[in-house]
Amino acid sequence: MNIKMICRITALAVLISAAFMFAPLFIAVADGQTRNIWAYAITIIGMGVFSAVMLIVSRSSKNTFYAQEGFAATSISWIVMSLFGALPFCLSGEIPSYIDALFEIVSGFTTTGASILSDVEALSRCNLYWRSFSHWLGGMGMLVFILAVLPQAKKTAGYGMHLMRAESPGPSVGKLTPQLRQTAMILYGLYVLLTVICFGFLVIGGMPVFDSLCISFGTAGTGGFAVLNSSMAGYSVYLQGVVTVFMFLFGVNFSLYYLLLLGQIGNVFRNEELRLYAGIAGGSILLITLNIAKMYGSGAEAFRHAAFQVSSIMTTTGFASTDFEQWPAFSKAILFLLMFIGACAGSTGGGLKVSRVLLLLKSIGRTIGDALHPRRVHTVHMDGRVVEEKVSNTVNAYFAVYFMIVLLSFVLISVDGYSIGTNISAVTACFNNIGPGFEMVGATGNYGHFSIFSKLILTADMLLGRLEIFPILVLFSPDTWSRKR
């Protein structure tokens with residue numbers, strides 16, 4: 001185990017996070033908030049000292065780097081970033097409990113959007129900004145950002161791919177170009193471009209610039225932290241429409257946008273995951289619209305809210321345009337199912353991912369085929385290519401571990417004594433990085449009523465869900481820290 005290299009990567013992640021904290025620090029200075037100024041200044045200094053010590057310790061690190069180091073470095077970086085990222089909330093006194101502050105920032109970095117706050121508007125602008133920007137930072141991933149911007153990333157061919165695979169969502173990750181750094185730059189370039197376009201449309205629609213920044217960060221990272229207690233319900237129909245479209249777009253595999261730039265339009269629309277993603281979203285919108293039509297003044301209004309909530313839940317963003325807790329059971333059941341399905345692999349969305357669901361359905365079909373025709377050789381294909389048996393086995397293992405953790409977490413937080421609906425939707429919403437669930441954690445609720453124990457369980461669920469389980473679990477495996485190869 002290359003401990004020094006892990007220390008170096010963690011130090012770089014923390015150092016870059018500290019650099020991004022200067023923006024909320026400047027906002028605090030502009031607003032004349034002394035306590036917030038000190039909160040961010042002390043945190044930045046602490047992160048700088050930590051990074052300096054780690055870089056000194058790791059200055060003679062070797063470049064030998066394997067998958068286990070990639071998993072460990074990714075998990076440790078995210079945990080340490082979260083531990084430091086929570087400090088401004090706590091030191092400013094706006095979220096006095098450190099556990100609550102940790103829950104809030106982990107929810108931000110993992111793009112979950114679950115909150116312990118009952119009054120979001122009581123937060124200062126600097127903390128609202130940091131809270132929303134954490135979505136954007138976590139959406140594409142801090143380590144992918146490091147690979148994209150640091151000059152030494154050119155020399156990371158030996159370990160960079162391990163970091164990208166550990167941090168990027170989906171059953172498989174590949175390079176768009178022969179150079180890994182160029183791939184990371186393309187991904188972040190597309191991410192920035194779409195964010196800027198989203199911001200522009202929001203400003204054009206009359207949303208205040210500060211609100212537009214925060215909502216753009218939440219939409220791009222598919223996070224869902226808003227600056228108003230009413231989430232998106234208080235904004236115009238146009239602004240809700242813009243967010244609906246961009247939530248859907250950020251739930252698409254970013255490699256498909258690269259193919260569009262290359263002019264390979266046919267390959268994009270032949271992509272099976274994209275077609276299933278659009279089909280599930282379209283079908284869900286239609287069914288919910290028909291189910292809630294009588295609750296609203298017109299079919300158009302029902303369609304607008306259905307489209308917004310389907311896009312929000314399926315992409316695991318978590319914004320709300322209405323209190324969907326008041327919808328009929330059928331509509332809520334569809335939203336609950338979408339919580340599990342999630343967005344596309346290679347997007348900023350969470351959940352199981354549409355590609356995994358597709359592979360599972362194809363595997364079931366192959367199993368039925370094997371039972372009916374045992375002498376035939378059946379293979380699983382996706383996008384015209386044979387799916388390796390290793391990928392199918394990994395997906396099956398992921399499903400098994402996924403549901404084991406969800407069920408265990410549900411049992412553990414049930415000690416608080418809340419209803420089954422509240423508990424199972426809270427675990428589902430946190431593990432799939434969605435944010436709002438149902439009943440007490442619905443669109444108008446929050447997670448502040450849970451005990452410290454349950455908040456820690458749900459915080460761990462958010463990290464497990466964002467890093468897709470295995471990078472966190474390997475930290476507890478003795479083999480990870482073994483010196484043997």
# chains A, B, ... in the order shown; residues from 1 in each chain; ligands from 1
>>> residues_around(residues="Thr244 (chain A)", least_positions_apart="2", cutoff="8 Å", atoms="only C-alpha atoms", output="compact mmCIF listing (two decimals) with N, CA and C atoms, in the first residue's frame")
# COMPACT_ATOMS: atom_id res chain seq x y z
N GLN A 240 -38.84 27.46 -13.55
CA GLN A 240 -39.04 26.04 -13.25
C GLN A 240 -38.81 25.19 -14.50
N GLY A 241 -39.24 25.71 -15.65
CA GLY A 241 -39.04 24.98 -16.91
C GLY A 241 -37.56 24.84 -17.26
N VAL A 242 -36.81 25.93 -17.05
CA VAL A 242 -35.36 25.89 -17.31
C VAL A 242 -34.69 24.83 -16.45
N PHE A 246 -32.64 21.35 -17.59
CA PHE A 246 -31.22 21.16 -17.27
C PHE A 246 -30.99 20.04 -16.27
N MET A 247 -31.95 19.79 -15.39
CA MET A 247 -31.81 18.62 -14.52
C MET A 247 -31.75 17.36 -15.38
N PHE A 248 -32.62 17.28 -16.37
CA PHE A 248 -32.62 16.12 -17.27
C PHE A 248 -31.30 16.02 -18.02
N ALA A 307 -43.49 16.86 -14.79
CA ALA A 307 -42.20 16.86 -15.48
C ALA A 307 -41.08 17.33 -14.54
N PHE A 308 -41.37 18.36 -13.74
CA PHE A 308 -40.35 18.88 -12.83
C PHE A 308 -39.97 17.82 -11.80
N SER A 311 -38.13 14.73 -13.32
CA SER A 311 -36.75 15.10 -13.66
C SER A 311 -35.92 15.27 -12.40
N SER A 312 -36.51 15.87 -11.35
CA SER A 312 -35.80 16.12 -10.11
C SER A 312 -35.47 14.83 -9.37
>>> residues_around(residues="region 270-287 of chain A", least_positions_apart="6", cutoff="6 Å", atoms="only C-alpha atoms", output="VMD selection string")
chain A and resid 306 to 307 355 383
>>> closest_residue(among="A:Ala333, A:Ala371, A:Leu228, A:Val237", to="Phe303 (chain A)", atoms="only C-alpha atoms")
A:Val237
>>> residues_around(residues="Gly85 (chain A)", least_positions_apart="6", cutoff="10 Å", atoms="only C-alpha atoms", output="PyMOL selection string")
chain A and resi 14+17-18+21+40+43-44+47+79+101-102+104-106+108-109+130-131+134
>>> residues_around(residues="region 97-99 of chain A", least_positions_apart="2", cutoff="8 Å", atoms="only C-alpha atoms", output="list in words")
Ala86, Leu87, Cys90, Ile95, Ala101, Leu102, Phe103, Ile452, Lys455 and Leu456 of chain A
>>> closest_atom_pairs(of="region 223-329 of chain A", to="region 419-438 of chain A", cutoff="9 Å", atoms="only C-alpha atoms", output="Markdown table")
| residue | atom | partner | partner_atom | distance |
| --- | --- | --- | --- | --- |
| A:Gly223 | CA | A:Ile434 | CA | 7.3 |
| A:Gly224 | CA | A:Gly435 | CA | 7.2 |
| A:Phe225 | CA | A:Gly435 | CA | 8.8 |
| A:Ser312 | CA | A:Ile434 | CA | 8.4 |
| A:Ile313 | CA | A:Ile434 | CA | 6.5 |
| A:Met314 | CA | A:Ile434 | CA | 8.4 |
| A:Thr315 | CA | A:Ile434 | CA | 7.9 |
| A:Thr316 | CA | A:Ile434 | CA | 4.1 |
| A:Thr317 | CA | A:Ile434 | CA | 5.7 |
| A:Gly318 | CA | A:Ile434 | CA | 5.3 |
| A:Phe319 | CA | A:Pro436 | CA | 8.3 |
| A:Ala320 | CA | A:Pro436 | CA | 8.7 |
| A:Phe324 | CA | A:Phe438 | CA | 8.7 |
| A:Glu325 | CA | A:Phe438 | CA | 6.3 |
>>> write_last_selection(atoms="C-alpha atoms", output="PDB file, in the first residue's frame")
ATOM      1  CA  GLY A 223     -27.872  18.300  -5.694  1.00  0.00           C
ATOM      2  CA  GLY A 224     -31.008  20.239  -4.804  1.00  0.00           C
ATOM      3  CA  PHE A 225     -29.948  22.749  -2.140  1.00  0.00           C
ATOM      4  CA  SER A 312     -35.801  16.123 -10.106  1.00  0.00           C
ATOM      5  CA  ILE A 313     -36.222  12.686  -8.521  1.00  0.00           C
ATOM      6  CA  MET A 314     -34.882  10.568 -11.380  1.00  0.00           C
ATOM      7  CA  THR A 315     -31.734  12.672 -11.708  1.00  0.00           C
ATOM      8  CA  THR A 316     -31.536  12.659  -7.884  1.00  0.00           C
ATOM      9  CA  THR A 317     -31.504  16.472  -7.778  1.00  0.00           C
ATOM     10  CA  GLY A 318     -34.218  16.937  -5.183  1.00  0.00           C
ATOM     11  CA  PHE A 319     -35.648  20.367  -6.029  1.00  0.00           C
ATOM     12  CA  ALA A 320     -39.407  20.708  -5.551  1.00  0.00           C
ATOM     13  CA  PHE A 324     -45.683  16.102  -3.922  1.00  0.00           C
ATOM     14  CA  GLU A 325     -46.411  14.555  -0.513  1.00  0.00           C
TER      15      GLU A 325
END
>>> closest_residue(among="A:Leu372, A:Ile42, A:Leu260, A:Val380", to="Asn393 (chain A)", atoms="only C-alpha atoms")
A:Val380
>>> residues_around(residues="Leu15 (chain A)", least_positions_apart="3", cutoff="8 Å", atoms="only C-alpha atoms", output="JSON list (two decimals) with C-alpha atoms, in the first residue's frame")
[["chain", "number", "residue", "atom", "x", "y", "z"],
["A", 11, "ALA", "CA", -3.55, 16.89, 0.53],
["A", 12, "LEU", "CA", -4.20, 18.15, -3.01],
["A", 18, "ALA", "CA", -9.56, 25.47, 0.61],
["A", 19, "ALA", "CA", -8.93, 27.57, -2.49],
["A", 47, "MET", "CA", -6.81, 23.16, 5.63],
["A", 48, "GLY", "CA", -3.64, 24.84, 4.38],
["A", 51, "SER", "CA", -2.20, 20.02, 3.27]]
>>> select_by_dssp(residues="region 250-425 of chain A", states="strand (DSSP E or B)", output="list in words")
His381, Met382, Arg385 and Val386 of chain A
>>> write_last_selection(atoms="C-alpha atoms", output="compact mmCIF listing (two decimals), in the first residue's frame")
# COMPACT_ATOMS: atom_id res chain seq x y z
CA HIS A 381 -25.11 -7.17 -25.48
CA MET A 382 -25.27 -3.42 -24.98
CA ARG A 385 -21.10 -4.93 -28.04
CA VAL A 386 -20.80 -8.02 -25.89
>>> residues_around(residues="Thr379 (chain A)", least_positions_apart="2", cutoff="12 Å", atoms="only C-alpha atoms", output="list of chain:residue names")
A:Leu359, A:Lys362, A:Ser363, A:Ile364, A:Gly365, A:Arg366, A:Thr367, A:Gly369, A:Asp370, A:Arg376, A:Val377, A:His381, A:Met382, A:Gly384, A:Arg385, A:Val386, A:Val387, A:Glu388, A:Glu389, A:Ser392
>>> write_last_selection(atoms="C-alpha atoms", output="mmCIF file, in the first residue's frame")
data_model
loop_
_atom_site.group_PDB
_atom_site.id
_atom_site.type_symbol
_atom_site.label_atom_id
_atom_site.label_comp_id
_atom_site.auth_asym_id
_atom_site.auth_seq_id
_atom_site.Cartn_x
_atom_site.Cartn_y
_atom_site.Cartn_z
ATOM 1 C CA LEU A 359 -27.815 -4.808 -17.597
ATOM 2 C CA LYS A 362 -30.657 -8.266 -19.915
ATOM 3 C CA SER A 363 -29.082 -10.686 -17.418
ATOM 4 C CA ILE A 364 -32.531 -11.850 -16.352
ATOM 5 C CA GLY A 365 -33.405 -12.409 -20.006
ATOM 6 C CA ARG A 366 -30.221 -14.429 -20.489
ATOM 7 C CA THR A 367 -30.995 -16.554 -17.413
ATOM 8 C CA GLY A 369 -32.908 -18.180 -22.129
ATOM 9 C CA ASP A 370 -30.412 -20.517 -20.445
ATOM 10 C CA ARG A 376 -27.237 -22.512 -26.487
ATOM 11 C CA VAL A 377 -24.611 -19.910 -25.649
ATOM 12 C CA HIS A 381 -25.108 -7.167 -25.482
ATOM 13 C CA MET A 382 -25.266 -3.418 -24.980
ATOM 14 C CA GLY A 384 -24.007 -3.693 -30.170
ATOM 15 C CA ARG A 385 -21.102 -4.927 -28.043
ATOM 16 C CA VAL A 386 -20.802 -8.018 -25.886
ATOM 17 C CA VAL A 387 -20.774 -7.188 -22.171
ATOM 18 C CA GLU A 388 -17.914 -8.942 -20.396
ATOM 19 C CA GLU A 389 -18.915 -11.504 -17.788
ATOM 20 C CA SER A 392 -22.212 -8.480 -15.293
#
>>> select_by_dssp(residues="region 217-444 of chain A", states="helix (DSSP H, G or I)", output="MDAnalysis selection string")
chainID A and resid 217:220 237:250 254:261 265:269 272:295 299:314 324:326 329:341 354:372 389:416 420:431 439:441
>>> closest_residue(among="A:Arg35, A:Ala233, A:Tyr129, A:Lys353", to="His305 (chain A)", atoms="only C-alpha atoms")
A:Ala233
